[in-house]
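In what follows, a single structure is set out as structure tokens and then discussed.
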Amino acid sequence: MDTSNSESTPLVPARPSKKPKTPLPKLQIGILMTLQLVEPVASMSIFPYINQLIRELGITGGDDAAVGYYAGIIESLFFVAQALTVLRWSRLSDRIGRKPVLLVGLSGTCISMLCFGLSTTFWGLVISRCMCGILNGNVSVMKTMVGELTDSTNMAQGFALIPIMWCIGGFIGPLVGGTFARPQDNWPGLFAHPFWSKYPYFLPCAVSACGLVLGFFVLLFFLEETLSTKRRPKLTTTLNSDNREGLSQTSNMPVRSLLTPTIVIPIANYALLALLDIALMALLPLFFSTPTYLGGLGFTPSHIGLWMAMFAMADGIFQALFFAKIVDWVGPKRLFCVSVSCFTPVMLMFPIMSWLVHTSGMVDHAIAFALITQLALTIVWDMAYGTVFMFITASAPTKNVLGAVNGLGQTSASMARVIGPAFATSLFAFSKEHNILNGNAVYVVLIMLAGVLRWLGSQLPDEIQDRDE
């Protein structure tokens with residue numbers, strides 16, 4: 001009996017060494033993030049002046065109380081149109097390639113922004129916002145491209161950049177809208193032509209459109225196609241005709257065949273996450289602006305804007321510096337579950353702040369500490385987005401249906417974002433008006449939904465597998 005080998009063989013097999021991290025393709029990811037930036041800048045630039053635009057168009061007949069109703073319709077139409085079409089754009093990108101769909105999306109957004117600035121009727125605004133949503137499947141396609149440009153070792157780094165770009169866009173967009181609206185009032189010497197009096201909100205739309213045109217040409221000349229069947233030969237290994245035919249058939253797979261638990265569970269998590277997040281984003285300014293005698297903080301618009309901008313900056317910086325490291329440390333599933341668990345204390349901070357204001361009769365240092373605590377919890381909550389994007393990307397059975405899978409996810413999230421704001425704000429008003437649970441019923445309902453999301457998170461796979469393995 002040969003004992004030399006048996007003595008040298010360890011009783012417990014050595015654990016496989018950790019797979020070395022693949023460097024991100026910086027140029028391609030950088031181009032995608034540039035495109036990811038110009039779109040929220042364009043879409044969010046309308047928020048500073050939309051209410052004033054509706055008043056000046058005479059849509060409400062002088063009833064300022066109805067302005068919010070019409071503004072809400074305008075703001076929600078994009079998500080309605082996107083929910084109806086984003087899946088079709090995503091599946092089209094699985095067949096013709098990612099670049100053509102992105103080019104159409106940027107062109108559609110650019111044209112719709114210019115039409116928005118030239119609209120002088122309510123229906124003109126409606127058509128331009130619907131056009132923006134119908135012609136734009138870029139959010140889903142860009143996530144697909146990030147998934148194709150990364151693997152299991154660097155996916156967290158890639159997807160961490162998406163919310164950062166949205167935070168920066170959420171800061172720059174309103175700044176563009178507020179600065180360049182009504183230029184004939186701010187710079188009468190430069191904008192004395194009657195055109196600017198007739199279309200006082202065209203300039204911010206035109207500035208946003210210029211960013212989209214720049215993004216269009218950067219995409220056209222520098223971004224490489226990531227869909228395997230549409231790459232140039234030098235960018236991919238040669239595929240024989242049989243493989244190409246098989247990939248083509250895979251990309252035409254019926255949507256119903258994709259509705260497996262592996263795909264549906266991450267998408268369900270994303271949809272409920274989007275619903276709760278948009279509800280939170282709608283509640284924050286509403287709670288801040290509600291008078292103190294009704295349980296709010298009574299902030300002025302400038303204070304609300306300052307606090308929201310501070311949150312966006314802190315959130316973006318934290319995600320940039322720590323998200324990928326935390327994913328590597330605790331794992332994507334555990335981080336997702338911890339993040340969504342933070343929603344309950346975020347909601348509890350609202351009645352706590354109401355009680356503090358009622359007790360002290362003013363917004364003092366205790367309220368400031370509560371706000372900072374809520375901000376920190378919300379930053380942790382936001383890390384759920386990066387992790388759920390990773391799970392959705394990893395759930396695709398092949399890369400050639402990755403666009404369809406991301407399209408299903410974006411469709412579900414868009415539908416959630418249509419109903420989320422109205423659901424949360426109506427429930428807030430109903431709770432206060434009828435004093436249900438001392439005006440706190442809205443928080444109880446949202447906490448219960450967060451419990452459902454926490455359970456859904458527990459159904460996610462323990463590890464993210466690389467599709468190429």
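Simple scheme: letters A, B, ... for chains in structure tokens order, numbers from 1 for residues in each chain, numbers from 1 for ligands in the order shown.
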What lies within 6 Å of stretch 194-203 of chain A using only C-alpha atoms, ignoring chain neighbours under 3 positions off, as a ChimeraX atom specification?
-> /A:117,180-182,206
Written file, previous selection with all heavy atoms, as a PDB file, in the first residue's frame:
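In the end it all went to out_13.pdb:
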```
ATOM      1  N   GLY A 117     -40.885  72.086 -24.753  1.00  0.00           N
ATOM      2  CA  GLY A 117     -40.592  73.515 -24.627  1.00  0.00           C
ATOM      3  C   GLY A 117     -41.409  74.381 -25.550  1.00  0.00           C
ATOM      4  O   GLY A 117     -41.605  75.575 -25.288  1.00  0.00           O
ATOM      5  N   PHE A 180     -32.530  78.278 -16.279  1.00  0.00           N
ATOM      6  CA  PHE A 180     -32.779  78.749 -17.649  1.00  0.00           C
ATOM      7  C   PHE A 180     -34.253  78.983 -17.962  1.00  0.00           C
ATOM      8  O   PHE A 180     -34.570  79.425 -19.076  1.00  0.00           O
ATOM      9  CB  PHE A 180     -32.195  77.751 -18.654  1.00  0.00           C
ATOM     10  CG  PHE A 180     -30.696  77.668 -18.602  1.00  0.00           C
ATOM     11  CD1 PHE A 180     -30.071  76.560 -18.039  1.00  0.00           C
ATOM     12  CD2 PHE A 180     -29.907  78.695 -19.076  1.00  0.00           C
ATOM     13  CE1 PHE A 180     -28.685  76.473 -17.976  1.00  0.00           C
ATOM     14  CE2 PHE A 180     -28.527  78.628 -19.016  1.00  0.00           C
ATOM     15  CZ  PHE A 180     -27.911  77.511 -18.459  1.00  0.00           C
ATOM     16  N   ALA A 181     -35.156  78.716 -17.026  1.00  0.00           N
ATOM     17  CA  ALA A 181     -36.568  79.008 -17.269  1.00  0.00           C
ATOM     18  C   ALA A 181     -36.788  80.519 -17.315  1.00  0.00           C
ATOM     19  O   ALA A 181     -36.155  81.277 -16.570  1.00  0.00           O
ATOM     20  CB  ALA A 181     -37.426  78.383 -16.171  1.00  0.00           C
ATOM     21  N   ARG A 182     -37.672  80.957 -18.190  1.00  0.00           N
ATOM     22  CA  ARG A 182     -38.011  82.371 -18.372  1.00  0.00           C
ATOM     23  C   ARG A 182     -36.755  83.238 -18.521  1.00  0.00           C
ATOM     24  O   ARG A 182     -36.508  84.157 -17.726  1.00  0.00           O
ATOM     25  CB  ARG A 182     -38.875  82.877 -17.214  1.00  0.00           C
ATOM     26  CG  ARG A 182     -40.186  82.107 -17.044  1.00  0.00           C
ATOM     27  CD  ARG A 182     -41.111  82.829 -16.069  1.00  0.00           C
ATOM     28  NE  ARG A 182     -41.505  84.134 -16.588  1.00  0.00           N
ATOM     29  CZ  ARG A 182     -42.496  84.347 -17.449  1.00  0.00           C
ATOM     30  NH1 ARG A 182     -43.209  83.336 -17.910  1.00  0.00           N
ATOM     31  NH2 ARG A 182     -42.774  85.566 -17.875  1.00  0.00           N
ATOM     32  N   ALA A 206     -34.063  73.146 -24.454  1.00  0.00           N
ATOM     33  CA  ALA A 206     -33.031  73.145 -25.492  1.00  0.00           C
ATOM     34  C   ALA A 206     -31.665  72.790 -24.910  1.00  0.00           C
ATOM     35  O   ALA A 206     -30.885  72.061 -25.540  1.00  0.00           O
ATOM     36  CB  ALA A 206     -32.970  74.508 -26.179  1.00  0.00           C
TER      37      ALA A 206
END
```
Write out as a VMD selection string the residues lying within 12 Å of A:Met448, counting only C-alpha atoms and excluding same-chain residues fewer than 4 positions away.
-> chain A and resid 272 276 341 343 to 344 347 441 to 444 452 to 455
Exercise: stretch 46-61 of chain A partners within 6 Å, only C-alpha atoms, chain neighbours under 6 positions left out, as a PyMOL selection string | chain A and resi 174+177-178
Go ahead and write the residues just picked, N, CA, C and O atoms, as a CSV table (one decimal), in the first residue's frame.
```csv
chain,number,residue,atom,x,y,z
A,174,PRO,N,-32.8,69.7,-12.1
A,174,PRO,CA,-33.5,70.8,-11.6
A,174,PRO,C,-32.8,72.1,-11.6
A,174,PRO,O,-33.4,73.2,-11.8
A,177,GLY,N,-33.3,73.4,-15.1
A,177,GLY,CA,-34.6,73.9,-15.3
A,177,GLY,C,-34.9,75.2,-14.6
A,177,GLY,O,-35.5,76.1,-15.1
A,178,GLY,N,-34.4,75.3,-13.3
A,178,GLY,CA,-34.6,76.5,-12.5
A,178,GLY,C,-33.8,77.7,-13.1
A,178,GLY,O,-34.2,78.9,-13.0
```
Pick out the residues sitting within 6 Å of stretch 35-38 of chain A, and hand them over as a ChimeraX atom specification; count only C-alpha atoms, and ignore anything fewer than 4 positions along from it in its own chain.
-> /A:165,169,211,215
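Across the structure, atom CA of A:Met308 and atom CA of A:Leu135 are spaced 29.4 Å apart.
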For atom CA of A:Gly147 and atom CA of A:Ser458, quote the distance in Å rounded to one decimal.
-> 22.9 Å
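Distances to A:Arg91 were evaluated for A:Leu106, A:Ile73, A:Met113, A:Val405 using only C-alpha atoms, and the minimum falls at A:Val405.
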Using the chain letters and numbers from this document, which residues of stretch 245-330 of chain A does DSSP assign to alpha helix (DSSP H), as a ChimeraX atom specification?
-> /A:245-251,255-258,261-289,301-330
Name all residues at most 9 Å from stretch 365-374 of chain A (count only C-alpha atoms; drop same-chain ones fewer than 5 positions away) and give them as a ChimeraX atom specification.
-> /A:297,345-347,349-350,352-353,356-357,379
